[in-house]
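Raw contents of upload_9.pdb, PDB, C-alpha atoms and all ligand atoms:
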```
ATOM      1  CA  MET A   1      75.714  57.367  11.284  1.00  0.00           C
ATOM      2  CA  ARG A   2      74.466  54.577   9.115  1.00  0.00           C
ATOM      3  CA  HIS A   3      76.394  52.123  11.334  1.00  0.00           C
ATOM      4  CA  LEU A   4      75.088  53.458  14.612  1.00  0.00           C
ATOM      5  CA  SER A   5      73.712  50.547  16.558  1.00  0.00           C
ATOM      6  CA  GLY A   6      70.293  50.637  18.138  1.00  0.00           C
ATOM      7  CA  LEU A   7      71.946  50.709  21.557  1.00  0.00           C
ATOM      8  CA  GLY A   8      74.169  53.666  20.610  1.00  0.00           C
ATOM      9  CA  ALA A   9      71.229  55.634  19.258  1.00  0.00           C
ATOM     10  CA  GLY A  10      69.254  54.782  22.381  1.00  0.00           C
ATOM     11  CA  LEU A  11      72.040  56.058  24.630  1.00  0.00           C
ATOM     12  CA  ILE A  12      72.251  59.318  22.700  1.00  0.00           C
ATOM     13  CA  LEU A  13      68.495  59.710  23.016  1.00  0.00           C
ATOM     14  CA  VAL A  14      68.602  59.079  26.778  1.00  0.00           C
ATOM     15  CA  ALA A  15      71.499  61.522  27.227  1.00  0.00           C
ATOM     16  CA  GLY A  16      69.570  64.137  25.251  1.00  0.00           C
ATOM     17  CA  MET A  17      66.476  63.613  27.375  1.00  0.00           C
ATOM     18  CA  ALA A  18      68.521  63.908  30.574  1.00  0.00           C
ATOM     19  CA  ALA A  19      70.042  67.182  29.318  1.00  0.00           C
ATOM     20  CA  LEU A  20      66.576  68.453  28.484  1.00  0.00           C
ATOM     21  CA  ALA A  21      65.249  67.426  31.893  1.00  0.00           C
ATOM     22  CA  LEU A  22      68.155  69.206  33.575  1.00  0.00           C
ATOM     23  CA  SER A  23      67.759  72.424  31.638  1.00  0.00           C
ATOM     24  CA  GLY A  24      63.977  72.296  31.800  1.00  0.00           C
ATOM     25  CA  GLU A  25      63.385  71.519  35.454  1.00  0.00           C
ATOM     26  CA  THR A  26      66.342  73.034  37.249  1.00  0.00           C
ATOM     27  CA  GLY A  27      67.840  75.453  34.774  1.00  0.00           C
ATOM     28  CA  GLY A  28      70.965  73.277  35.030  1.00  0.00           C
ATOM     29  CA  GLU A  29      71.592  74.459  38.599  1.00  0.00           C
ATOM     30  CA  ALA A  30      72.598  72.147  41.439  1.00  0.00           C
ATOM     31  CA  ARG A  31      70.406  72.206  44.539  1.00  0.00           C
ATOM     32  CA  PRO A  32      72.114  74.454  47.119  1.00  0.00           C
ATOM     33  CA  PRO A  33      73.459  72.821  50.281  1.00  0.00           C
ATOM     34  CA  PHE A  34      71.374  73.282  53.425  1.00  0.00           C
ATOM     35  CA  GLU A  35      72.535  76.219  55.496  1.00  0.00           C
ATOM     36  CA  PRO A  36      70.871  76.978  58.843  1.00  0.00           C
ATOM     37  CA  VAL A  37      69.392  80.458  59.204  1.00  0.00           C
ATOM     38  CA  SER A  38      67.761  80.352  62.630  1.00  0.00           C
ATOM     39  CA  LYS A  39      69.559  79.708  65.912  1.00  0.00           C
ATOM     40  CA  VAL A  40      69.047  76.442  67.825  1.00  0.00           C
ATOM     41  CA  HIS A  41      67.763  78.590  70.678  1.00  0.00           C
ATOM     42  CA  ASP A  42      64.875  80.004  68.586  1.00  0.00           C
ATOM     43  CA  LEU A  43      63.867  76.551  67.380  1.00  0.00           C
ATOM     44  CA  MET A  44      63.951  75.265  70.951  1.00  0.00           C
ATOM     45  CA  GLU A  45      61.464  77.933  72.020  1.00  0.00           C
ATOM     46  CA  ILE A  46      59.103  76.469  69.417  1.00  0.00           C
ATOM     47  CA  ASN A  47      59.875  72.942  70.677  1.00  0.00           C
ATOM     48  CA  GLY A  48      58.959  74.090  74.176  1.00  0.00           C
ATOM     49  CA  ASP A  49      55.653  75.679  73.094  1.00  0.00           C
ATOM     50  CA  PHE A  50      54.586  72.733  70.972  1.00  0.00           C
ATOM     51  CA  SER A  51      55.513  70.244  73.712  1.00  0.00           C
ATOM     52  CA  VAL A  52      53.159  72.093  76.069  1.00  0.00           C
ATOM     53  CA  THR A  53      50.433  71.789  73.408  1.00  0.00           C
ATOM     54  CA  LEU A  54      51.072  68.036  73.150  1.00  0.00           C
ATOM     55  CA  ARG A  55      50.879  67.462  76.890  1.00  0.00           C
ATOM     56  CA  LYS A  56      47.751  69.618  77.280  1.00  0.00           C
ATOM     57  CA  GLU A  57      45.934  67.811  74.491  1.00  0.00           C
ATOM     58  CA  ALA A  58      47.021  64.343  75.676  1.00  0.00           C
ATOM     59  CA  ALA A  59      45.581  65.119  79.139  1.00  0.00           C
ATOM     60  CA  LYS A  60      42.139  65.849  77.654  1.00  0.00           C
ATOM     61  CA  GLU A  61      39.411  63.280  77.397  1.00  0.00           C
ATOM     62  CA  ASN A  62      39.055  64.096  73.705  1.00  0.00           C
ATOM     63  CA  PRO A  63      42.425  65.323  72.425  1.00  0.00           C
ATOM     64  CA  ASP A  64      42.456  67.432  69.279  1.00  0.00           C
ATOM     65  CA  TYR A  65      44.408  64.869  67.256  1.00  0.00           C
ATOM     66  CA  LYS A  66      44.809  67.177  64.266  1.00  0.00           C
ATOM     67  CA  LYS A  67      46.457  69.789  66.471  1.00  0.00           C
ATOM     68  CA  VAL A  68      48.623  67.086  68.097  1.00  0.00           C
ATOM     69  CA  GLY A  69      49.734  65.779  64.695  1.00  0.00           C
ATOM     70  CA  GLU A  70      50.660  69.263  63.491  1.00  0.00           C
ATOM     71  CA  ALA A  71      52.670  70.019  66.644  1.00  0.00           C
ATOM     72  CA  ALA A  72      54.414  66.630  66.488  1.00  0.00           C
ATOM     73  CA  ARG A  73      55.416  67.141  62.854  1.00  0.00           C
ATOM     74  CA  VAL A  74      56.855  70.576  63.577  1.00  0.00           C
ATOM     75  CA  ILE A  75      58.916  69.111  66.440  1.00  0.00           C
ATOM     76  CA  ALA A  76      60.055  66.252  64.180  1.00  0.00           C
ATOM     77  CA  GLU A  77      61.048  68.755  61.495  1.00  0.00           C
ATOM     78  CA  ILE A  78      63.011  70.760  64.054  1.00  0.00           C
ATOM     79  CA  GLY A  79      64.849  67.522  64.886  1.00  0.00           C
ATOM     80  CA  ASN A  80      65.515  67.131  61.183  1.00  0.00           C
ATOM     81  CA  VAL A  81      66.828  70.655  60.759  1.00  0.00           C
ATOM     82  CA  VAL A  82      68.959  70.986  63.890  1.00  0.00           C
ATOM     83  CA  GLN A  83      71.044  68.062  62.660  1.00  0.00           C
ATOM     84  CA  TYR A  84      72.669  70.684  60.415  1.00  0.00           C
ATOM     85  CA  HIS A  85      73.439  73.106  63.232  1.00  0.00           C
ATOM     86  CA  GLN A  86      76.563  71.229  64.220  1.00  0.00           C
ATOM     87  CA  PRO A  87      79.389  69.963  61.997  1.00  0.00           C
ATOM     88  CA  ALA A  88      78.884  66.497  60.534  1.00  0.00           C
ATOM     89  CA  SER A  89      81.795  65.308  62.692  1.00  0.00           C
ATOM     90  CA  GLU A  90      79.615  65.899  65.773  1.00  0.00           C
ATOM     91  CA  ALA A  91      77.941  62.507  65.342  1.00  0.00           C
ATOM     92  CA  GLN A  92      76.492  62.472  68.847  1.00  0.00           C
ATOM     93  CA  TRP A  93      74.544  65.654  68.123  1.00  0.00           C
ATOM     94  CA  TRP A  94      72.964  64.481  64.911  1.00  0.00           C
ATOM     95  CA  ARG A  95      72.074  61.132  66.467  1.00  0.00           C
ATOM     96  CA  LEU A  96      70.257  62.960  69.271  1.00  0.00           C
ATOM     97  CA  ALA A  97      68.579  65.321  66.793  1.00  0.00           C
ATOM     98  CA  GLY A  98      67.629  62.296  64.683  1.00  0.00           C
ATOM     99  CA  GLY A  99      66.109  60.768  67.822  1.00  0.00           C
ATOM    100  CA  LEU A 100      63.975  63.877  68.233  1.00  0.00           C
ATOM    101  CA  LYS A 101      62.787  63.577  64.638  1.00  0.00           C
ATOM    102  CA  GLN A 102      61.975  59.888  65.137  1.00  0.00           C
ATOM    103  CA  SER A 103      60.066  60.338  68.393  1.00  0.00           C
ATOM    104  CA  GLY A 104      58.169  63.325  66.953  1.00  0.00           C
ATOM    105  CA  MET A 105      57.082  61.096  64.073  1.00  0.00           C
ATOM    106  CA  GLU A 106      55.917  58.450  66.537  1.00  0.00           C
ATOM    107  CA  VAL A 107      53.735  61.035  68.298  1.00  0.00           C
ATOM    108  CA  ASP A 108      52.313  61.951  64.890  1.00  0.00           C
ATOM    109  CA  ALA A 109      51.573  58.275  64.173  1.00  0.00           C
ATOM    110  CA  ALA A 110      49.805  57.835  67.530  1.00  0.00           C
ATOM    111  CA  ALA A 111      47.721  60.951  66.794  1.00  0.00           C
ATOM    112  CA  ALA A 112      46.847  59.643  63.332  1.00  0.00           C
ATOM    113  CA  ALA A 113      45.720  56.364  64.953  1.00  0.00           C
ATOM    114  CA  GLN A 114      43.747  58.377  67.569  1.00  0.00           C
ATOM    115  CA  ASP A 115      45.131  56.040  70.206  1.00  0.00           C
ATOM    116  CA  PRO A 116      45.311  57.807  73.602  1.00  0.00           C
ATOM    117  CA  ASN A 117      47.583  55.203  75.246  1.00  0.00           C
ATOM    118  CA  ALA A 118      50.029  55.146  72.354  1.00  0.00           C
ATOM    119  CA  LEU A 119      49.930  58.948  72.378  1.00  0.00           C
ATOM    120  CA  ARG A 120      50.877  59.222  76.049  1.00  0.00           C
ATOM    121  CA  GLN A 121      53.636  56.664  75.573  1.00  0.00           C
ATOM    122  CA  ALA A 122      55.019  58.433  72.498  1.00  0.00           C
ATOM    123  CA  ILE A 123      54.963  61.789  74.294  1.00  0.00           C
ATOM    124  CA  GLY A 124      56.914  60.217  77.175  1.00  0.00           C
ATOM    125  CA  LYS A 125      59.509  58.947  74.714  1.00  0.00           C
ATOM    126  CA  LEU A 126      59.674  62.364  73.072  1.00  0.00           C
ATOM    127  CA  GLY A 127      60.345  63.989  76.448  1.00  0.00           C
ATOM    128  CA  ALA A 128      63.177  61.513  77.016  1.00  0.00           C
ATOM    129  CA  SER A 129      64.721  62.464  73.678  1.00  0.00           C
ATOM    130  CA  CYS A 130      64.639  66.171  74.668  1.00  0.00           C
ATOM    131  CA  LYS A 131      66.311  65.364  77.976  1.00  0.00           C
ATOM    132  CA  ALA A 132      68.967  63.106  76.431  1.00  0.00           C
ATOM    133  CA  CYS A 133      70.234  66.025  74.343  1.00  0.00           C
ATOM    134  CA  HIS A 134      69.851  68.680  77.050  1.00  0.00           C
ATOM    135  CA  ASP A 135      71.890  66.557  79.481  1.00  0.00           C
ATOM    136  CA  ILE A 136      74.826  66.805  77.108  1.00  0.00           C
ATOM    137  CA  TYR A 137      74.441  70.006  75.091  1.00  0.00           C
ATOM    138  CA  ARG A 138      72.315  72.463  77.037  1.00  0.00           C
ATOM    139  CA  LYS A 139      74.592  74.543  79.187  1.00  0.00           C
ATOM    140  CA  ASP A 140      72.342  76.541  81.528  1.00  0.00           C
TER
HETATM  141  C1  LIG B 201      69.776  67.700  69.503  1.00  0.00           C
HETATM  142  C2  LIG B 201      69.747  68.325  70.796  1.00  0.00           C
HETATM  143  C3  LIG B 201      68.453  68.803  71.400  1.00  0.00           C
HETATM  144  C4  LIG B 201      67.240  68.173  71.405  1.00  0.00           C
HETATM  145  C5  LIG B 201      66.875  66.820  70.856  1.00  0.00           C
HETATM  146  C6  LIG B 201      66.331  69.060  72.104  1.00  0.00           C
HETATM  147  N1  LIG B 201      66.997  70.183  72.515  1.00  0.00           N
HETATM  148 FE1  LIG B 201      66.178  71.769  73.491  1.00  0.00          FE
HETATM  149  N2  LIG B 201      67.986  72.649  73.593  1.00  0.00           N
HETATM  150  C7  LIG B 201      69.145  72.182  73.024  1.00  0.00           C
HETATM  151  C8  LIG B 201      70.213  73.138  73.237  1.00  0.00           C
HETATM  152  C9  LIG B 201      71.639  73.010  72.740  1.00  0.00           C
HETATM  153  C10 LIG B 201      69.664  74.202  73.971  1.00  0.00           C
HETATM  154  C11 LIG B 201      70.343  75.500  74.407  1.00  0.00           C
HETATM  155  C12 LIG B 201      70.212  76.458  73.238  1.00  0.00           C
HETATM  156  C13 LIG B 201      70.622  77.864  73.536  1.00  0.00           C
HETATM  157  O1  LIG B 201      70.036  78.450  74.440  1.00  0.00           O
HETATM  158  O2  LIG B 201      71.484  78.370  72.835  1.00  0.00           O
HETATM  159  C14 LIG B 201      68.259  73.870  74.184  1.00  0.00           C
HETATM  160  C15 LIG B 201      67.367  74.683  74.832  1.00  0.00           C
HETATM  161  C16 LIG B 201      66.022  74.425  74.989  1.00  0.00           C
HETATM  162  C17 LIG B 201      65.074  75.314  75.620  1.00  0.00           C
HETATM  163  C18 LIG B 201      65.422  76.628  76.295  1.00  0.00           C
HETATM  164  C19 LIG B 201      65.232  77.773  75.349  1.00  0.00           C
HETATM  165  C20 LIG B 201      65.315  79.036  76.132  1.00  0.00           C
HETATM  166  O3  LIG B 201      64.340  79.789  76.095  1.00  0.00           O
HETATM  167  O4  LIG B 201      66.335  79.253  76.811  1.00  0.00           O
HETATM  168  C21 LIG B 201      63.844  74.727  75.577  1.00  0.00           C
HETATM  169  C22 LIG B 201      62.527  75.267  76.102  1.00  0.00           C
HETATM  170  C23 LIG B 201      64.024  73.469  74.879  1.00  0.00           C
HETATM  171  N3  LIG B 201      65.359  73.310  74.542  1.00  0.00           N
HETATM  172  C24 LIG B 201      63.017  72.579  74.629  1.00  0.00           C
HETATM  173  C25 LIG B 201      63.190  71.342  74.015  1.00  0.00           C
HETATM  174  C26 LIG B 201      62.151  70.365  73.873  1.00  0.00           C
HETATM  175  C27 LIG B 201      60.735  70.520  74.406  1.00  0.00           C
HETATM  176  C28 LIG B 201      62.702  69.310  73.205  1.00  0.00           C
HETATM  177  C29 LIG B 201      62.049  68.034  72.789  1.00  0.00           C
HETATM  178  C30 LIG B 201      60.749  68.105  72.187  1.00  0.00           C
HETATM  179  C31 LIG B 201      64.099  69.635  72.954  1.00  0.00           C
HETATM  180  N4  LIG B 201      64.354  70.879  73.447  1.00  0.00           N
HETATM  181  C32 LIG B 201      64.994  68.794  72.305  1.00  0.00           C
HETATM  182  C33 LIG B 201      69.292  70.990  72.345  1.00  0.00           C
HETATM  183  C34 LIG B 201      68.294  70.061  72.110  1.00  0.00           C
END
```

Show me, as structure tokens, the structure contained in the file I just sent.
Amino acid sequence: MRHLSGLGAGLILVAGMAALALSGETGGEARPPFEPVSKVHDLMEINGDFSVTLRKEAAKENPDYKKVGEAARVIAEIGNVVQYHQPASEAQWWRLAGGLKQSGMEVDAAAAAQDPNALRQAIGKLGASCKACHDIYRKD
């Protein structure tokens, strides 16, 4: 021990702190993998409802931007989540779902900026991202 270098002692200290952090914050457990619970269909019903909200608000002279932002973030989160509803090998699906997330976030940004033109444009782009996926994956 007497010959332990400063670096060695430092490494032991860091390792000890990491072990403490692990046991303290997570109980040493690994975060579980994401597993979908809902069906795509159920989430799409929400997408449909919130898209109506977006279009209604955007058509108003004074849109409720807070409501628009909330709806846009839920749609974006649905895009996020549905990426996991197909196997990772289905790259086309998660790209389209990622596109939904991205365009939902752009609607949110336009709402945060309270910019009616940017909002209409972003909602148009969002609608295109819905259609792009439906053209390929929606079979009804
Ligand atoms: C990543 C692909 C994807 C994206 C993006 C997507 N959808 Fe869908 N959507 C689907 C699929 C697949 C179905 C059919 C699901 C089923 O019925 O099992 C569907 C079905 C629907 C339905 C029909 C649900 C019902 O009651 O039968 C609505 C409404 C809907 N989507 C709205 C939207 C809206 C609005 C957006 C964009 C804001 C959107 N979707 C974006 C894949 C997508």

Show me which residues are within 9 Å of ligand LIG 201 (chain B) counting all atoms listed in the file, and format the list as an MDAnalysis selection string. chainID A and resid 39:52 72 75:76 78:79 82:83 92:101 103:104 123 126:140

Evaluate the PyMOL selection byres (((chain A and resi 120) around 9) and not hetatm) and record the selected residues as number ranges by chain, following the chain and residue labels used in the document. A: 55, 58-59, 107, 110, 115-119, 121-125

Using all atoms listed in the file, pick whichever of A:Ala30, A:Thr53, A:Ala88, A:Glu35 has the shortest atom-to-atom distance to A:Glu70. A:Thr53

So the first atom is atom CA of A:Asn62 and the second is atom CA of A:Gln114; what is the distance between them in Å, to one decimal place? 9.6 Å

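Take atom CA of A:Ala71 and atom CA of A:Leu54: the distance between them is 7.0 Å.
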
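Here atom CA of A:Asn80 is placed at a distance of 20.9 Å from atom CA of A:Lys66.
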
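Closest approach to A:Ser38 among A:Ala112, A:Ala91, A:His85, A:Glu106: A:His85, based on all atoms listed in the file.
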
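Each of A:Glu90, A:Pro32, A:Gly69, A:Tyr84 was compared to A:Ala113 using all atoms listed in the file, and A:Gly69 turns out to be the nearest.
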
Please export stretch 89-107 of chain A as an mmCIF file, in the first residue's frame, restricted to N, CA and C atoms.
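Output (decode-v9.cif):
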```
data_model
loop_
_atom_site.group_PDB
_atom_site.id
_atom_site.type_symbol
_atom_site.label_atom_id
_atom_site.label_comp_id
_atom_site.auth_asym_id
_atom_site.auth_seq_id
_atom_site.Cartn_x
_atom_site.Cartn_y
_atom_site.Cartn_z
ATOM 1 N N SER A 89 -34.931 -3.892 -37.725
ATOM 2 C CA SER A 89 -34.568 -4.159 -39.122
ATOM 3 C C SER A 89 -35.496 -3.419 -40.089
ATOM 4 N N GLU A 90 -36.652 -2.989 -39.591
ATOM 5 C CA GLU A 90 -37.622 -2.288 -40.452
ATOM 6 C C GLU A 90 -37.249 -0.800 -40.510
ATOM 7 N N ALA A 91 -36.103 -0.525 -41.149
ATOM 8 C CA ALA A 91 -35.531 0.822 -41.116
ATOM 9 C C ALA A 91 -36.471 1.867 -41.706
ATOM 10 N N GLN A 92 -37.224 1.472 -42.711
ATOM 11 C CA GLN A 92 -38.135 2.427 -43.359
ATOM 12 C C GLN A 92 -39.180 2.940 -42.364
ATOM 13 N N TRP A 93 -39.669 2.035 -41.524
ATOM 14 C CA TRP A 93 -40.660 2.409 -40.518
ATOM 15 C C TRP A 93 -40.089 3.422 -39.543
ATOM 16 N N TRP A 94 -38.923 3.100 -38.955
ATOM 17 C CA TRP A 94 -38.441 4.039 -37.948
ATOM 18 C C TRP A 94 -37.968 5.350 -38.539
ATOM 19 N N ARG A 95 -37.604 5.362 -39.835
ATOM 20 C CA ARG A 95 -37.303 6.654 -40.457
ATOM 21 C C ARG A 95 -38.580 7.491 -40.576
ATOM 22 N N LEU A 96 -39.670 6.841 -40.968
ATOM 23 C CA LEU A 96 -40.945 7.559 -41.109
ATOM 24 C C LEU A 96 -41.459 8.021 -39.742
ATOM 25 N N ALA A 97 -41.320 7.174 -38.735
ATOM 26 C CA ALA A 97 -41.728 7.553 -37.378
ATOM 27 C C ALA A 97 -40.840 8.688 -36.858
ATOM 28 N N GLY A 98 -39.559 8.619 -37.181
ATOM 29 C CA GLY A 98 -38.629 9.692 -36.809
ATOM 30 C C GLY A 98 -39.005 10.999 -37.495
ATOM 31 N N GLY A 99 -39.503 10.889 -38.721
ATOM 32 C CA GLY A 99 -39.971 12.079 -39.456
ATOM 33 C C GLY A 99 -41.169 12.711 -38.763
ATOM 34 N N LEU A 100 -42.036 11.862 -38.221
ATOM 35 C CA LEU A 100 -43.195 12.368 -37.478
ATOM 36 C C LEU A 100 -42.727 13.121 -36.227
ATOM 37 N N LYS A 101 -41.788 12.529 -35.526
ATOM 38 C CA LYS A 101 -41.230 13.183 -34.331
ATOM 39 C C LYS A 101 -40.654 14.558 -34.705
ATOM 40 N N GLN A 102 -39.846 14.569 -35.769
ATOM 41 C CA GLN A 102 -39.183 15.799 -36.199
ATOM 42 C C GLN A 102 -40.204 16.869 -36.587
ATOM 43 N N SER A 103 -41.209 16.488 -37.386
ATOM 44 C CA SER A 103 -42.146 17.526 -37.837
ATOM 45 C C SER A 103 -43.058 17.967 -36.696
ATOM 46 N N GLY A 104 -43.332 17.080 -35.737
ATOM 47 C CA GLY A 104 -44.081 17.493 -34.543
ATOM 48 C C GLY A 104 -43.290 18.531 -33.755
ATOM 49 N N MET A 105 -41.986 18.318 -33.656
ATOM 50 C CA MET A 105 -41.134 19.270 -32.930
ATOM 51 C C MET A 105 -41.071 20.613 -33.647
ATOM 52 N N GLU A 106 -41.158 20.585 -34.971
ATOM 53 C CA GLU A 106 -41.145 21.853 -35.716
ATOM 54 C C GLU A 106 -42.440 22.635 -35.489
ATOM 55 N N VAL A 107 -43.558 21.909 -35.364
ATOM 56 C CA VAL A 107 -44.826 22.583 -35.040
ATOM 57 C C VAL A 107 -44.708 23.214 -33.647
#
```
